[in-house]
Each structure stands twice: as structure tokens, then as C-alpha cells.
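Raw contents of model13.tsv, TSV, C-alpha atoms and all ligand atoms:
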```tsv
chain	number	residue	atom	x	y	z
A	1	MET	CA	-18.72	38.08	80.60
A	2	LYS	CA	-21.17	39.36	77.97
A	3	ASN	CA	-20.03	42.58	76.31
A	4	ASP	CA	-22.40	42.64	73.37
A	5	LEU	CA	-25.46	44.87	73.52
A	6	ILE	CA	-28.51	43.51	71.73
A	7	THR	CA	-31.63	45.59	71.22
A	8	LEU	CA	-35.03	44.64	69.91
A	9	ALA	CA	-36.38	47.63	68.00
A	10	ILE	CA	-39.97	48.43	67.09
A	11	GLU	CA	-41.19	50.91	64.45
A	12	THR	CA	-44.88	51.64	63.75
A	13	SER	CA	-44.95	55.36	62.92
A	14	CYS	CA	-46.91	55.06	59.67
A	15	ASP	CA	-47.95	52.06	57.57
A	16	GLU	CA	-45.09	49.63	58.20
A	17	THR	CA	-45.14	47.28	61.18
A	18	ALA	CA	-41.43	46.65	61.70
A	19	CYS	CA	-39.19	44.91	64.19
A	20	ALA	CA	-35.42	44.33	64.09
A	21	VAL	CA	-32.76	42.80	66.31
A	22	VAL	CA	-29.53	44.82	66.26
A	23	LYS	CA	-26.20	43.96	67.90
A	24	ASN	CA	-23.83	46.70	69.07
A	25	GLY	CA	-25.48	49.32	66.89
A	26	GLU	CA	-24.01	47.89	63.69
A	27	GLU	CA	-24.89	44.25	63.14
A	28	ILE	CA	-28.43	43.77	61.84
A	29	LEU	CA	-29.38	40.29	63.07
A	30	SER	CA	-32.90	40.57	61.64
A	31	ASN	CA	-35.05	43.19	59.95
A	32	VAL	CA	-38.72	42.28	59.51
A	33	ILE	CA	-41.08	44.69	57.77
A	34	HIS	CA	-44.78	44.09	57.25
A	35	THR	CA	-46.06	46.77	54.91
A	36	GLN	CA	-49.72	47.80	54.77
A	37	ILE	CA	-49.39	49.43	51.34
A	38	ASP	CA	-51.85	47.02	49.71
A	39	ILE	CA	-54.46	47.83	52.38
A	40	HIS	CA	-54.15	51.62	52.03
A	41	LYS	CA	-53.70	51.98	48.30
A	42	VAL	CA	-57.40	51.50	47.58
A	43	TYR	CA	-57.98	54.75	49.56
A	44	GLY	CA	-55.18	56.63	47.75
A	45	GLY	CA	-53.22	57.18	50.98
A	46	VAL	CA	-52.74	56.01	54.56
A	47	VAL	CA	-55.94	55.87	56.64
A	48	PRO	CA	-54.74	56.40	60.24
A	49	GLU	CA	-57.37	54.24	62.00
A	50	ILE	CA	-56.82	51.35	59.60
A	51	ALA	CA	-53.06	51.66	60.09
A	52	SER	CA	-53.42	51.41	63.90
A	53	ARG	CA	-55.73	48.41	63.66
A	54	ASN	CA	-53.35	46.56	61.37
A	55	HIS	CA	-50.31	47.33	63.53
A	56	LEU	CA	-52.24	45.77	66.40
A	57	LEU	CA	-53.06	42.70	64.33
A	58	LYS	CA	-49.48	42.19	63.13
A	59	ILE	CA	-47.14	43.39	65.87
A	60	SER	CA	-46.86	40.11	67.82
A	61	SER	CA	-46.07	37.98	64.78
A	62	VAL	CA	-43.61	40.55	63.42
A	63	VAL	CA	-41.75	40.59	66.77
A	64	ASP	CA	-41.72	36.77	66.94
A	65	ARG	CA	-40.36	36.59	63.40
A	66	ALA	CA	-37.62	39.14	64.17
A	67	LEU	CA	-36.49	37.04	67.13
A	68	SER	CA	-36.49	33.78	65.19
A	69	ASP	CA	-34.76	35.31	62.12
A	70	ALA	CA	-32.04	36.61	64.46
A	71	GLY	CA	-31.75	33.24	66.19
A	72	VAL	CA	-32.27	34.79	69.63
A	73	THR	CA	-34.89	34.67	72.37
A	74	PHE	CA	-36.21	37.39	74.67
A	75	SER	CA	-33.58	36.42	77.26
A	76	ASP	CA	-30.82	37.59	74.85
A	77	ILE	CA	-32.29	41.10	74.53
A	78	ASP	CA	-30.59	43.80	76.63
A	79	PHE	CA	-32.95	46.69	75.95
A	80	ILE	CA	-35.95	47.70	73.83
A	81	SER	CA	-35.82	50.57	71.32
A	82	ALA	CA	-39.07	52.07	70.04
A	83	THR	CA	-40.10	54.92	67.77
A	84	MET	CA	-41.90	57.57	69.85
A	85	GLY	CA	-42.47	60.16	67.06
A	86	PRO	CA	-42.99	61.81	64.70
A	87	GLY	CA	-45.76	59.94	62.91
A	88	LEU	CA	-49.43	59.03	63.22
A	89	VAL	CA	-50.31	59.09	66.89
A	90	GLY	CA	-52.51	55.97	66.89
A	91	ALA	CA	-49.92	54.02	64.91
A	92	LEU	CA	-47.06	55.14	67.15
A	93	LEU	CA	-49.01	54.18	70.27
A	94	ILE	CA	-49.37	50.55	69.18
A	95	GLY	CA	-45.61	50.01	68.79
A	96	LEU	CA	-44.71	52.10	71.81
A	97	SER	CA	-47.22	50.37	74.10
A	98	TYR	CA	-46.00	46.98	72.90
A	99	ALA	CA	-42.40	48.07	73.53
A	100	LYS	CA	-43.25	49.31	77.01
A	101	SER	CA	-45.00	46.07	77.94
A	102	LEU	CA	-41.98	44.07	76.71
A	103	ALA	CA	-39.52	46.22	78.66
A	104	TYR	CA	-41.70	45.92	81.78
A	105	SER	CA	-42.27	42.18	81.59
A	106	LEU	CA	-38.64	41.39	80.69
A	107	ASP	CA	-37.41	43.93	83.25
A	108	ILE	CA	-35.01	45.58	80.78
A	109	PRO	CA	-34.55	49.25	79.82
A	110	LEU	CA	-36.70	51.09	77.30
A	111	VAL	CA	-35.19	53.67	74.93
A	112	GLY	CA	-37.44	55.96	72.89
A	113	VAL	CA	-36.19	56.88	69.42
A	114	ASN	CA	-36.97	59.88	67.23
A	115	HIS	CA	-37.98	58.49	63.81
A	116	LEU	CA	-36.05	61.24	61.98
A	117	MET	CA	-32.89	60.43	63.91
A	118	GLY	CA	-33.60	56.83	62.92
A	119	HIS	CA	-33.53	57.75	59.22
A	120	ILE	CA	-30.18	59.50	59.78
A	121	SER	CA	-28.88	56.43	61.66
A	122	ALA	CA	-29.44	54.23	58.58
A	123	SER	CA	-26.09	55.64	57.39
A	124	PHE	CA	-24.31	54.14	60.40
A	125	ILE	CA	-25.29	50.71	59.02
A	126	GLN	CA	-23.25	51.56	55.91
A	127	GLY	CA	-20.27	52.48	58.12
A	128	ALA	CA	-20.64	56.27	58.20
A	129	LYS	CA	-19.07	58.06	61.15
A	130	PRO	CA	-19.85	61.64	62.23
A	131	PRO	CA	-19.26	64.44	61.43
A	132	PHE	CA	-21.22	64.63	58.19
A	133	ILE	CA	-24.08	66.38	56.41
A	134	CYS	CA	-27.25	64.31	56.08
A	135	LEU	CA	-30.12	64.78	53.66
A	136	THR	CA	-33.30	63.02	54.77
A	137	ALA	CA	-36.26	63.01	52.42
A	138	SER	CA	-39.38	61.06	53.26
A	139	GLY	CA	-43.16	61.30	53.04
A	140	GLY	CA	-43.36	63.63	56.04
A	141	HIS	CA	-40.01	65.45	56.17
A	142	THR	CA	-37.21	66.93	54.09
A	143	ASN	CA	-34.26	67.94	56.25
A	144	ILE	CA	-30.64	68.89	55.80
A	145	THR	CA	-28.85	68.18	59.06
A	146	ARG	CA	-25.33	68.64	60.32
A	147	VAL	CA	-24.47	65.55	62.38
A	148	ASP	CA	-21.56	66.32	64.70
A	149	ASN	CA	-21.86	63.21	66.80
A	150	TYR	CA	-24.13	60.18	67.13
A	151	ASN	CA	-26.61	62.20	69.19
A	152	LYS	CA	-25.68	65.75	68.27
A	153	TYR	CA	-27.65	67.18	65.36
A	154	THR	CA	-28.17	70.67	64.01
A	155	LEU	CA	-31.04	71.24	61.61
A	156	LEU	CA	-29.72	73.44	58.76
A	157	GLY	CA	-32.70	73.34	56.41
A	158	LYS	CA	-36.20	71.92	56.19
A	159	THR	CA	-39.23	72.06	53.96
A	160	LEU	CA	-41.48	75.08	54.40
A	161	ASP	CA	-44.51	73.26	52.97
A	162	ASP	CA	-44.77	69.81	51.34
A	163	ALA	CA	-42.13	67.17	51.99
A	164	ALA	CA	-40.41	65.75	48.89
A	165	GLY	CA	-42.22	62.40	49.24
A	166	GLU	CA	-45.54	64.18	49.74
A	167	ALA	CA	-44.98	66.09	46.47
A	168	PHE	CA	-44.20	62.80	44.70
A	169	ASP	CA	-47.34	61.18	46.13
A	170	LYS	CA	-49.63	64.13	45.27
A	171	VAL	CA	-48.34	64.47	41.71
A	172	ALA	CA	-48.65	60.71	41.24
A	173	ARG	CA	-52.25	60.84	42.40
A	174	SER	CA	-53.09	63.57	39.91
A	175	LEU	CA	-51.58	61.36	37.18
A	176	GLY	CA	-53.81	58.50	38.27
A	177	LEU	CA	-50.88	56.46	39.63
A	178	GLU	CA	-51.34	54.25	42.68
A	179	TYR	CA	-50.25	55.17	46.24
A	180	PRO	CA	-47.43	55.41	47.22
A	181	GLY	CA	-46.66	57.33	44.07
A	182	GLY	CA	-42.93	58.01	44.47
A	183	ALA	CA	-41.89	54.59	43.22
A	184	LYS	CA	-44.39	54.74	40.32
A	185	ILE	CA	-43.08	58.15	39.16
A	186	ASP	CA	-39.53	56.78	39.47
A	187	GLU	CA	-40.44	53.89	37.14
A	188	LYS	CA	-42.27	56.01	34.54
A	189	ALA	CA	-39.52	58.65	34.58
A	190	LYS	CA	-37.09	56.07	33.24
A	191	SER	CA	-38.94	56.06	29.91
A	192	GLY	CA	-39.46	59.84	29.75
A	193	ASP	CA	-37.47	62.91	28.74
A	194	VAL	CA	-36.23	64.98	31.70
A	195	ASN	CA	-36.08	68.10	29.51
A	196	ALA	CA	-39.54	67.74	27.96
A	197	ILE	CA	-41.31	70.19	30.30
A	198	THR	CA	-39.87	72.98	32.44
A	199	PHE	CA	-41.47	73.12	35.87
A	200	PRO	CA	-40.41	76.12	37.99
A	201	ILE	CA	-38.86	75.44	41.38
A	202	ALA	CA	-38.31	77.89	44.25
A	203	MET	CA	-34.57	78.37	44.72
A	204	GLU	CA	-34.21	80.89	47.54
A	205	ASN	CA	-30.67	81.48	48.70
A	206	ASN	CA	-30.98	79.40	51.88
A	207	LEU	CA	-31.10	75.73	52.84
A	208	ASP	CA	-34.90	75.44	53.16
A	209	PHE	CA	-37.05	73.63	50.63
A	210	SER	CA	-40.43	74.42	49.12
A	211	PHE	CA	-42.11	71.82	46.95
A	212	SER	CA	-45.70	73.05	46.84
A	213	GLY	CA	-44.93	75.38	43.88
A	214	VAL	CA	-43.62	72.64	41.60
A	215	LYS	CA	-46.49	70.39	42.65
A	216	SER	CA	-49.01	73.11	41.65
A	217	ALA	CA	-47.12	73.72	38.40
A	218	VAL	CA	-47.55	70.06	37.44
A	219	LEU	CA	-51.26	70.15	38.35
A	220	ASN	CA	-51.75	73.35	36.30
A	221	TYR	CA	-49.91	71.79	33.35
A	222	LEU	CA	-52.16	68.70	33.49
A	223	ASN	CA	-55.33	70.81	33.78
A	224	SER	CA	-54.43	73.07	30.89
A	225	LYS	CA	-53.60	70.05	28.70
A	226	LYS	CA	-56.96	68.46	29.57
A	227	MET	CA	-58.87	71.68	28.86
A	228	LYS	CA	-57.23	71.92	25.44
A	229	ASP	CA	-57.92	68.23	24.92
A	230	GLU	CA	-54.22	67.65	24.27
A	231	LYS	CA	-52.49	64.35	24.86
A	232	ILE	CA	-50.39	64.06	28.04
A	233	ASN	CA	-47.14	62.12	27.91
A	234	ILE	CA	-47.11	60.72	31.46
A	235	ASN	CA	-43.53	59.47	31.17
A	236	ASP	CA	-42.30	62.95	30.20
A	237	VAL	CA	-44.26	64.59	33.05
A	238	CYS	CA	-42.77	62.08	35.51
A	239	ALA	CA	-39.22	62.51	34.18
A	240	SER	CA	-39.38	66.33	34.15
A	241	PHE	CA	-40.94	66.52	37.62
A	242	ASN	CA	-38.54	63.92	39.04
A	243	ARG	CA	-35.59	65.83	37.59
A	244	CYS	CA	-36.85	69.04	39.19
A	245	ILE	CA	-37.01	67.47	42.67
A	246	VAL	CA	-33.64	65.74	42.23
A	247	ASP	CA	-31.91	68.98	41.17
A	248	THR	CA	-33.36	70.89	44.12
A	249	LEU	CA	-32.43	68.25	46.69
A	250	ILE	CA	-28.90	67.89	45.34
A	251	ASN	CA	-28.18	71.60	44.85
A	252	LYS	CA	-29.33	72.56	48.35
A	253	THR	CA	-27.39	69.68	49.87
A	254	PHE	CA	-24.20	70.72	48.11
A	255	ASN	CA	-24.77	74.31	49.26
A	256	ALA	CA	-24.92	72.92	52.82
A	257	LEU	CA	-21.70	70.92	52.34
A	258	ARG	CA	-19.97	74.05	51.06
A	259	GLN	CA	-21.38	76.26	53.81
A	260	GLU	CA	-20.32	73.84	56.55
A	261	LYS	CA	-17.03	72.95	54.85
A	262	MET	CA	-17.85	69.24	55.02
A	263	GLU	CA	-16.82	66.49	52.64
A	264	VAL	CA	-18.95	63.59	53.83
A	265	LEU	CA	-22.60	63.17	52.83
A	266	CYS	CA	-25.13	60.69	54.22
A	267	VAL	CA	-28.71	60.32	53.04
A	268	GLY	CA	-31.88	58.61	54.25
A	269	GLY	CA	-35.66	58.40	53.95
A	270	GLY	CA	-37.98	56.74	51.43
A	271	VAL	CA	-37.34	59.27	48.64
A	272	MET	CA	-33.72	58.06	48.61
A	273	CYS	CA	-34.99	54.92	46.85
A	274	ASN	CA	-35.41	57.10	43.75
A	275	ASP	CA	-33.02	55.80	41.10
A	276	MET	CA	-32.54	59.14	39.33
A	277	LEU	CA	-31.66	60.71	42.69
A	278	ARG	CA	-29.27	57.87	43.62
A	279	ASP	CA	-27.50	58.05	40.24
A	280	GLU	CA	-27.20	61.84	40.22
A	281	LEU	CA	-25.95	61.87	43.82
A	282	LYS	CA	-23.25	59.34	43.00
A	283	LYS	CA	-22.12	61.34	39.94
A	284	ARG	CA	-22.09	64.69	41.73
A	285	CYS	CA	-20.26	63.31	44.77
A	286	GLU	CA	-17.65	61.73	42.57
A	287	LYS	CA	-17.21	64.98	40.63
A	288	GLU	CA	-16.94	67.10	43.79
A	289	LYS	CA	-14.89	64.52	45.74
A	290	VAL	CA	-17.50	64.13	48.46
A	291	LYS	CA	-17.62	60.78	50.26
A	292	LEU	CA	-21.19	59.45	49.92
A	293	TYR	CA	-22.92	56.94	52.18
A	294	LEU	CA	-25.98	55.70	50.31
A	295	PRO	CA	-27.96	53.20	52.40
A	296	ASP	CA	-29.46	50.12	50.74
A	297	LYS	CA	-33.07	50.83	49.72
A	298	ILE	CA	-34.44	48.59	52.48
A	299	TYR	CA	-32.85	50.93	55.06
A	300	CYS	CA	-34.18	54.07	53.30
A	301	THR	CA	-37.91	53.34	53.63
A	302	ASP	CA	-39.33	52.84	57.12
A	303	ASN	CA	-37.67	49.98	58.99
A	304	ALA	CA	-36.80	49.05	62.56
A	305	ALA	CA	-33.08	48.33	61.96
A	306	MET	CA	-32.40	52.08	61.80
A	307	ILE	CA	-34.39	52.51	65.03
A	308	GLY	CA	-32.26	49.84	66.73
A	309	VAL	CA	-29.04	51.54	65.58
A	310	CYS	CA	-30.24	54.93	66.85
A	311	GLY	CA	-31.51	53.26	70.06
A	312	TYR	CA	-28.03	51.81	70.63
A	313	TYR	CA	-26.39	55.25	70.48
A	314	ASN	CA	-29.07	56.68	72.78
A	315	TYR	CA	-28.49	53.79	75.19
A	316	ILE	CA	-24.70	54.10	75.37
A	317	LYS	CA	-25.14	57.83	75.94
A	318	GLY	CA	-27.15	56.87	79.04
A	319	ILE	CA	-30.61	57.70	77.73
A	320	ARG	CA	-33.36	55.62	79.37
A	321	ASP	CA	-37.11	56.09	79.24
A	322	ASP	CA	-39.71	54.89	81.67
A	323	LEU	CA	-43.26	53.70	81.23
A	324	THR	CA	-44.58	57.27	81.19
A	325	LEU	CA	-42.94	57.82	77.77
A	326	ASN	CA	-45.66	59.03	75.43
A	327	ALA	CA	-45.93	59.15	71.66
A	328	ASN	CA	-45.11	62.59	70.24
A	329	PRO	CA	-46.61	62.76	66.74
A	330	GLY	CA	-45.27	66.24	65.92
A	331	ILE	CA	-41.73	66.07	67.25
A	332	ASN	CA	-38.98	67.31	64.91
A	333	LEU	CA	-35.24	66.81	65.16
A	334	ILE	CA	-33.75	68.06	68.41
F	1	LIG	O1	-39.32	57.11	54.83
F	1	LIG	P1	-40.63	56.62	54.33
F	1	LIG	O2	-40.75	55.13	54.06
F	1	LIG	O3	-41.80	56.99	55.29
F	1	LIG	C1	-41.88	58.25	55.96
F	1	LIG	O4	-41.21	58.40	56.99
F	1	LIG	O5	-42.58	59.12	55.38
F	1	LIG	O6	-40.93	57.44	52.98
F	1	LIG	C2	-42.09	57.24	52.23
F	1	LIG	C3	-42.06	58.20	51.05
F	1	LIG	C4	-43.34	58.21	50.24
F	1	LIG	O7	-43.74	59.54	50.03
F	1	LIG	C5	-42.94	57.53	48.94
F	1	LIG	O8	-43.66	57.98	47.81
F	1	LIG	C6	-41.47	57.93	48.83
F	1	LIG	O9	-41.00	57.83	50.15
F	1	LIG	N1	-40.74	57.03	47.94
F	1	LIG	C7	-40.17	57.42	46.79
F	1	LIG	C8	-39.64	56.25	46.19
F	1	LIG	N2	-39.90	55.19	47.00
F	1	LIG	C9	-40.58	55.69	48.07
F	1	LIG	N3	-40.08	58.63	46.23
F	1	LIG	C10	-39.44	58.72	45.04
F	1	LIG	N4	-38.92	57.64	44.40
F	1	LIG	C11	-39.00	56.41	44.93
F	1	LIG	N5	-38.46	55.36	44.29
F	2	ZN	ZN	-39.82	57.41	57.73
```
Starting from the file, lay out its structure as C-alpha cells.
Amino acid sequence: MKNDLITLAIETSCDETACAVVKNGEEILSNVIHTQIDIHKVYGGVVPEIASRNHLLKISSVVDRALSDAGVTFSDIDFISATMGPGLVGALLIGLSYAKSLAYSLDIPLVGVNHLMGHISASFIQGAKPPFICLTASGGHTNITRVDNYNKYTLLGKTLDDAAGEAFDKVARSLGLEYPGGAKIDEKAKSGDVNAITFPIAMENNLDFSFSGVKSAVLNYLNSKKMKDEKININDVCASFNRCIVDTLINKTFNALRQEKMEVLCVGGGVMCNDMLRDELKKRCEKEKVKLYLPDKIYCTDNAAMIGVCGYYNYIKGIRDDLTLNANPGINLI
């Protein structure tokens, strides 16, 4: 008798065409990611129509590769997991339609997955078990969530304007750095002085974030330097700005841990690739005796393994979707 549950998971919410095969919600048998970064960077950001077209071009080969890397065939797959939102609607529809057609033709269940829950589920790959507090910071979202069970989430704080990754990308653009700018700022910050420039950051006494102020402060700083014809030290700007975002993310998250009386912290989302953030989180957690689950970088940026893990927990809870499941580009955490 076969007790294992194997899902084939598809993720196409933005500019990564991704497919993974995941066993029992914990064993990543394959994790294939085809990134479109090189295609979009000439435009300075993701062009939705181009993203959809390239998902369409790549999805079949990415799925085939995920199966062969995992050493399985379609007949080994028990159900399909697919991101249904949030994200770019045209991009989501490519992956979701492909997932639906696979579920229909293989006559196996389809499970829709919320991309944000997927980012949280990356921690399960590292062995995290609820309850815990989770900080997710990506290009579209910045959330502090209380995770009481695999499918039970309470949103404690969110960004009121720009997401952390969006602030990174916009500041990078104004510095003339290539899209996606987060990683470029991260690199330059390593050679800069975090105390060189003081950028103000909104620190209201709640768990919500606001990053548009610090973003504007950097832009104003750059403009005033240019007007005065003064030299700009890009490394110092990157280090000071990066430090500002890191401090805000960490301080708010520790306020949430204190408020909820929790001692376990999980993190996810592309911004969690930031080395200054990873180092500071480790130090602070060690100091405050908080158990930290820090996913490998490959599970922080968009990937389908996290979607397969989340899909598994949806599946064992009894969640099934049918072919009427639609993409929901604006959905938040439930
Ligand atoms: O999770 P993700 O891959 O896609 C979304 O769901 O948005 O996150 C992408 C975001 C981008 O804004 C990118 O600039 C940021 O993550 N990012 C970083 C780093 N690597 C990626 N931000 C700061 N430091 C990094 N090393
Ligand atoms: Zn994402």
C-alpha cells in the first residue's frame, strides 16, 4: 500500500517559472526555477505581458525537468498544487491553467495555494513547526503573521505603502543599479558604512510597516547631492539604507514576538536573502534566546517547493479545488 503523498507544484506569480516535486510536505524531490530576470532587467522591472509570454514558452520544459530531476513520472503524482494569487494575473493564469489541465488529464486533485502562505511554508522545509511568528518580506508584501497551525494564520502587521523589496528596488533604480535591485544594494552595502547617513524611518507604535518615507528620504538625499554637485558614495548610501530597513524589520518583528509571547521566529520572501538582515537576525535571536528558522536563500525567493509544501498541508486538511478555480491577483493572507 502506498502511503506517501507526492505533489507536483507550479508557481508562476511573477517572473519565475517554477515547478517542484514534493513528498509528504517535507522532502523536496526536485525544485526547478527558470528566472526571467535577464529578460526584464532591460526594462528596469517586470513587464507583465512579457512575463506571461515567457511562462507560456517555458512551463512545459520546466515541468518535464522537475519530473526527471525527481526521478518520477506523472503516474507517481497524487495531486497538483498551484499558486492562485497574489501576483500578476496573466502570469498566474499560465501556471494555473497548466495545473488545471494536468489535474484534469491525469484525473487527480487540484489544490490552489496562496503565494504568501507559500512563503511562510518555506520554513516547514527547515523543520519549523507551528506555533510561531513569521516575517515575510518580498517585492509585493511585508507581513508579520502569527502561525498557529499549518493552515491557521493571523495577520498582525503589514506594510501601509511600499513593500520592503519594492523599496529596495526603487532605491536601487535611483542609484542606477540593475533590476532587481535588492541583491545589488546588498552587495554594495558590504563595502559601505552603515552609519554614514541617517535616513529617517517611521516607527509608529504598532506592527505595521511604512517604507515610502525612507525611500523618499534617499531620493531627496541623492537629488540634493546632485544639485550641489557633490560626490555620492553609493556604497555608503546602500549600507545606510539597508541598515534602516533591517532595523525596522527586526524591531517590529521582535515587538510582535514580545506581544504574542512567542519564542520561535520563521522568515521568508526574497528580501530574506539580504546578508545584513540574515546576520542581524541570527545575532538578535541568539541574544534574545529566540529559535530562528532561516530558510536557504533558494527557498526565500519565488520557488515551487514552498508551494508544494503548502499544497500538502491544504490537501491533508481536505482542501480541493475544481476547474473553476480562478487566479486572484489581489488576495492577501486569510
Ligand atoms: O519573494 P520574491 O522572490 O518575489 C515576490 O514575491 O515579490 O522577492 C523579490 C524581492 C525583490 O524586490 C528583490 O529586490 C528582493 O526580493 N531581494 C532582495 C535580495 N534578494 C532579493 N532584497 C534585499 N537583499 C537581497 N539580497
Ligand atoms: Zn514571492
Which residues are near ligand LIG 1 (chain F) in this structure, taking near to mean any atom at most 10 Å from a ligand atom and counting only C-alpha atoms and all ligand atoms? Format them as JSON, numbers by chain. {"A": [13, 14, 15, 16, 35, 45, 86, 87, 115, 116, 118, 119, 136, 137, 138, 139, 140, 141, 142, 163, 164, 165, 166, 167, 168, 169, 170, 172, 178, 179, 180, 181, 182, 183, 184, 185, 186, 187, 189, 242, 245, 246, 268, 269, 270, 271, 272, 273, 274, 275, 276, 277, 278, 297, 298, 299, 300, 301, 302, 303]}
Six-sided padding of 5 Å per side, axis-aligned box over segment 112-124 of chain A, centre and edges in Å, one decimal, as JSON:
```
{"center_x": -31.1, "center_y": 57.7, "center_z": 65.1, "size_x": 23.7, "size_y": 17.1, "size_z": 25.5}
```
Counting only C-alpha atoms and all ligand atoms, which of A:Ala256, A:Gly85, A:Phe74, A:Gly25 gets nearest to ligand ZN 2 (chain F)?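 Closest to ligand ZN 2 (chain F), using only C-alpha atoms and all ligand atoms: A:Gly85.
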Interatomic distance, atom CA of Val113 of chain A to atom CA of Met262 of chain A (Å, one decimal): 26.4 Å
What does the distance from atom CA of Asn255 of chain A to atom CA of Pro200 of chain A come to in Å, to one decimal?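 About the pair atom CA of Asn255 of chain A and atom CA of Pro200 of chain A: they are 19.4 Å apart.
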Which value, in Å to one decimal, gives the distance between atom CA of Gly127 of chain A and atom CA of Ser75 of chain A? 28.3 Å
Close residues, Thr83 of chain A itself excluded, 10 Å, only C-alpha atoms, min 4 positions apart in chain, as a list in words: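 Selected residues are Ala9, Ile10, Glu11, Thr12, Ser13, Gly87, Leu92, Leu93, Gly95, Leu96, Ala99, Val111, Gly112, Val113, Asn114, His115, Leu116, Met117, Gly118, Ala304, Ile307, Gly308, Cys310, Gly311, Ala327 and Asn328 of chain A.
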Residues near Ala196 of chain A, anyone? I mean within 8 Å using only C-alpha atoms, not counting same-chain ones fewer than 3 positions away, as JSON, numbers by chain. {"A": [193, 236, 237, 240]}
Residue nearest Pro109 of chain A - candidates A:Lys215, A:Arg320, A:His55, A:Lys158, atoms counted: only C-alpha atoms: A:Arg320
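With only C-alpha atoms and all ligand atoms as the atoms that count, the residue of A:Glu280, A:Val214, A:Ser68, A:Leu88 with the shortest distance to ligand ZN 2 (chain F) is A:Leu88.
Distances to ligand ZN 2 (chain F) were evaluated for A:Asn54, A:Ile120, A:Asn149, A:Ile94 using all atoms listed in the file, and the minimum falls at A:Ile120.
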Find, counting only C-alpha atoms and all ligand atoms, the residue in A:Leu292, A:Asn143, A:Leu8, A:Ser216 that gets nearest to ligand ZN 2 (chain F). A:Asn143
